[in-house]
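Peer 1: Before I ask anything, let me first share the structure, which is written out below as structure tokens.
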Amino acid sequence: MRPLTEEETRVMFEKIAKYIGENLQLLVDRPDGTYCFRLHNDRVYYVSEKILKLAANISGDKLVSLGTCFGKFTKTHKFRLHITALDYLAPYAKYKVWIKPGAEQSFLYGNHVLKSGLGRITENTCQYQGVVVYSMADVPLGTHILLRYKRPEIGDSFANSSQVQLKKKKKKCLHSGKHSTGKNLAILT
Amino acid sequence: MEGQNVEELLAKAERDEAEKLQRITVHKELELEFDLGNLLASDRNPPTGLRRAGPSPEAELQALARDNTQLLINQLWQLPTERVEEALVARLPEPTTRLPREKPVPRPRPLTRWQQFARLKGIRPKKKTNLVWDEVSGQWRRRWGYQRARDDTKEWLIEVPGGADPLEDQFAKRIQAKKERVAKNELNRLRNLARAHKMQLPSTGGMHPTGHQSKEELGRAMQVAKVSTASVGRFQERLPKEKAPRGSGKKRKFQPLFGDFAAEKKSQLELLRVMNSKKPQLDVTRATNKQMREEDQEEAAKRRKMSQKGKRKGGRQGAGGQRKGGPPSQGGKRKGGLGGKVNSGPPRLGGKRKGGQHQGGKRRK
């Protein structure tokens with residue numbers, strides 16, 4: 001377990017900033033406690049200082065997880081954001097998309113969302129923007145990239161409008177990692 | 001009258017003189033002690049005036065300082081003077097006060113190997129002369145050092161000794177021997193130094209060949225040998241099938257796990273600030289789209305006016321500016337990013353405009 005290097009921090013921040021923009025500094029600098037990012041086995045964990053001090057007492061090979069996993073660094077050092085980060089990203093999201101109940105299930109199973117499944121969308125969302133997807137009951141479902149979206153102008157018929165495609169990152173109930181079952185599970189939250 | 005004036009002037013002059021004299025003479029019960037080399041004057045008079053002064057003895061202190069300084073300067077004026085580059089300079093005597101040490105006393109160094117041995121054996125250093133008579137050059141030369149008396153590397157004729165190989169270079173042999181002696185001396189000096197500073201020299205612990213070394217030890221010795229060249233191993237060739245050593249770089253150093261949290265936070269915020277400042281404030285596509293859209297609208301408005309005029313000329317008045325697909329240029333929900341720019345779907349940079357035809361919304365595809 002170790003803190004992130006400058007380069008790794010930069011890569012991770014760039015990824016997260018796609019979804020929450022400058023609200024990222026609210027994650028870094030919190031009024032209710034000191035939270036920090038730590039790297040363990042290529043995964044980045046967002047953990048409070050108190051929990052970090054407890055986790056330091058567990059040896060590295062026995063430690064499975066601590067705090068919240070935000071994502072992992074791949075073999076080529078790119079950062080991949082995980083669904084477990086959603087609880088921290090959703091409140092700070094800049095661009096939000098609400099999808100209708102019918103499309104919700106399809107989305108959760110990994111399909112793209114068409115424009116017909118779109119309920120509401122934040123203003124000013126431009127193409128390729130990172131958005132957070134909500135259900136109509138304001139439950140965050142996942143994060144995505146807005147692929148193709150043409151806002152309807154007054155005077156256009158719906159026949160002209162193109163599809164809205166959202167790249168998927170669905171919410172899974174279990175976090176399936178590559179941890180072997182032989183380890184003593186020590187998950188600190 | 002004049003007499004009176006003259007008298008007055010004289011009296012005044014006398015009074016001035018007396019005042020001046022009064023100023024430069026200071027009466028002290030005990031004379032001061034002067035150390036002019038350090039520009040020091042010590043006053044041993046009891047400070048009764050200061051004690052009487054009370055809570056704020058500022059005036060008394062100032063008077064005391066003035067008096068003592070006056071006395072010191074009087075003494076300085078009595079020193080021998082000389083002229084240095086148009087300035088009159090007094091030459092100060094040697095300082096008499098002994099100042100305390102600036103740095104702490106040096107701790108005793110450990111003895112070198114030779115010194116230990118000499119102490120053990122009771123060898124005293126023999127007093128030797130610095131110069132020795134050199135027959136060869138016919139002059140007094142140093143015992144050791146530059147142009148010493150008996151330098152065997154400088155001989156021009158060497159007899160080959162009885163049992164030596166006739167093809168051996170005796171001159172080179174002597175030079176080589178000298179180099180080895182110098183290297184040995186240097187090594188011993190460094191060892192003494194290391195012992196004095198309690199440091200360790202980089203050791204050649206497992207590098208001497210014993211014939212019973214493991215593969216790892218041999219590998220290590222080979223690596224060290226490879227790097228021990230003047231170019232630090234850069235131009236050493238490898239065997240045909242030898243692979244480059246892995247992990248011979250420096251081990252990466254990471255920040256400690258519980259470093260200074262505040263410092264970590266600060267550096268991360270700084271990184272974020274830099275990241276945000278690098279992002280361009282102006283979205284180029286949006287700006288160009290907006291610009292093109294405005295131009296379109298202007299053209300549309302102009303065309304409408306022309307058509308209106310034409311129709312009016314023909315007798316009919318056209319309806320207002322309602323055209324198919326004409327987008328509202330104002331009002332409504334402005335979904336612009338910055339400064340009210342409107343996003344018109346997929347970016348169309350430098351799009352070709354079909355002149356003369358008003359195509360409305362479809363054109364944005």
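Each chain in the structure tokens gets a letter, A, B and so on, in the order shown; residues start at 1 in every chain, and ligands are counted from 1 in the order they appear.
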Using only C-alpha atoms, determine which residues lie at most 8 Å from region 36-47 of chain A, disregarding the query and same-chain residues fewer than 2 positions distant; provide the list as a list in words.
Peer 2: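 The residues that qualify are Met1, Arg2, Pro3, Leu4, Val28, Thr34, Glu49, Ile51, Leu52, Ser65, Leu66, Gly67, Thr68, Cys69, Phe70, Gly71, Lys72, Phe73 and Thr74 of chain A; Phe261 of chain B.
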Peer 1: Would you list the contacts of Pro80 (chain B) as a count of residues only, taking every protein, DNA or RNA residue within 9 Å and counting only C-alpha atoms, but skipping same-chain residues closer than 6 positions in sequence?
Peer 2: 4
Peer 1: Can you pull out the residues contacting region 115-130 of chain B? Cut-off 10 Å, using only C-alpha atoms, and skip same-chain residues under 3 positions away; I want them as a list in words.
Peer 2: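 Using only C-alpha atoms, the neighbours found are Pro110, Leu111, Thr112, Trp140, Arg141, Arg142, Arg143 and Trp144 of chain B.
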Peer 1: Name all residues at most 9 Å from region 15-23 of chain A (count only C-alpha atoms; drop same-chain ones fewer than 3 positions away) and give them as a PDB file with C-alpha atoms, in the first residue's frame.
Peer 2:
```
ATOM      1  CA  ARG A  10      -2.689  13.324 -12.459  1.00  0.00           C
ATOM      2  CA  VAL A  11      -4.024  10.483 -14.582  1.00  0.00           C
ATOM      3  CA  MET A  12      -6.653   9.626 -12.007  1.00  0.00           C
ATOM      4  CA  LEU A  26     -14.375  18.834  -2.686  1.00  0.00           C
ATOM      5  CA  LEU A  27     -13.321  15.206  -2.631  1.00  0.00           C
ATOM      6  CA  PHE A  79      -6.936   4.576 -14.919  1.00  0.00           C
ATOM      7  CA  ARG A  80     -10.236   2.709 -15.118  1.00  0.00           C
ATOM      8  CA  LEU A  81     -13.004   4.043 -12.919  1.00  0.00           C
ATOM      9  CA  LEU A  89     -19.217  10.869  -7.817  1.00  0.00           C
ATOM     10  CA  ALA A  90     -22.994  11.125  -7.966  1.00  0.00           C
ATOM     11  CA  PRO A  91     -23.422  14.032  -5.544  1.00  0.00           C
ATOM     12  CA  TYR A  92     -20.829  16.088  -7.375  1.00  0.00           C
ATOM     13  CA  ALA A  93     -21.845  15.261 -10.919  1.00  0.00           C
ATOM     14  CA  LYS A  94     -21.948  18.162 -13.316  1.00  0.00           C
ATOM     15  CA  TYR A  95     -23.993  16.619 -16.110  1.00  0.00           C
ATOM     16  CA  GLN A 129     -19.280  14.447 -22.120  1.00  0.00           C
ATOM     17  CA  GLY A 130     -19.009  12.272 -19.054  1.00  0.00           C
ATOM     18  CA  VAL A 131     -22.395  12.082 -17.379  1.00  0.00           C
ATOM     19  CA  VAL A 132     -23.940  10.298 -14.425  1.00  0.00           C
ATOM     20  CA  THR A 143     -21.510   6.787 -15.248  1.00  0.00           C
ATOM     21  CA  HIS A 144     -21.271   7.141 -18.984  1.00  0.00           C
ATOM     22  CA  ILE A 145     -20.134   9.041 -21.971  1.00  0.00           C
TER      23      ILE A 145
ATOM     24  CA  LEU B 272      -6.039  20.395  -9.695  1.00  0.00           C
ATOM     25  CA  ARG B 273      -5.571  24.112 -10.010  1.00  0.00           C
ATOM     26  CA  ASN B 276      -8.134  23.553 -14.461  1.00  0.00           C
TER      27      ASN B 276
END
```
Peer 1: In Å, with one decimal, what is the gap from CA of Glu168 (chain B) to CA of Trp156 (chain B)?
Peer 2: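 Interatomic distance, CA of Glu168 (chain B) to CA of Trp156 (chain B): 15.9 Å.
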Peer 1: Using only C-alpha atoms, find the one residue out of A:Gly60, A:Gly142, A:Pro101, A:Pro31 that sits nearest to His82 (chain A).
Peer 2: A:Gly142
Peer 1: Nearest to chain B: which of A:Ser116, A:Gln127, A:Ser48, A:Asn57 is it, counting only C-alpha atoms?
Peer 2: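 Ranking A:Ser116, A:Gln127, A:Ser48, A:Asn57 by distance to chain B, first place goes to A:Gln127.
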Peer 1: If you count only C-alpha atoms, which residues fall within 10 Å of Lys50 (chain A), apart from same-chain ones fewer than 5 positions away, as a PyMOL selection string?
Peer 2: chain A and resi 33-35+55
Peer 1: Would you write out those residues with C-alpha atoms, as a PDB file, in the first residue's frame?
Peer 2:
```
ATOM      1  CA  GLY A  33     -12.290  14.663   7.828  1.00  0.00           C
ATOM      2  CA  THR A  34      -9.040  13.869   6.126  1.00  0.00           C
ATOM      3  CA  TYR A  35      -9.540  11.486   3.252  1.00  0.00           C
ATOM      4  CA  ALA A  55      -5.311  -0.789   7.710  1.00  0.00           C
TER       5      ALA A  55
END
```
Peer 1: Name the residues of region 55-273 of chain B that fall into helix (DSSP H, G or I) according to DSSP on the backbone, using the chain letters and numbers of this document, as a VMD selection string.
Peer 2: chain B and resid 58 to 77 113 to 121 152 to 154 170 to 197 215 to 227 261 to 273
Peer 1: Step one, run DSSP on the backbone; step two, keep only residues of region 119-255 of chain B assigned to strand (DSSP E); then write them as a PyMOL selection string.
Peer 2: chain B and resi 131-134+139-142
Peer 1: Atoms to include: C-alpha atoms. Write the selected residues as a short mmCIF file (atom, residue, chain, number, x, y, z; two decimals), in the first residue's frame.
Peer 2:
```cif
data_model
loop_
_atom_site.label_atom_id
_atom_site.label_comp_id
_atom_site.auth_asym_id
_atom_site.auth_seq_id
_atom_site.Cartn_x
_atom_site.Cartn_y
_atom_site.Cartn_z
CA LEU B 131 67.55 18.67 1.28
CA VAL B 132 69.92 15.93 0.23
CA TRP B 133 73.02 16.23 -1.86
CA ASP B 134 72.42 14.66 -5.24
CA GLN B 139 73.01 20.06 -6.51
CA TRP B 140 70.94 19.96 -3.37
CA ARG B 141 67.64 18.32 -4.04
CA ARG B 142 64.59 17.46 -1.93
#
```
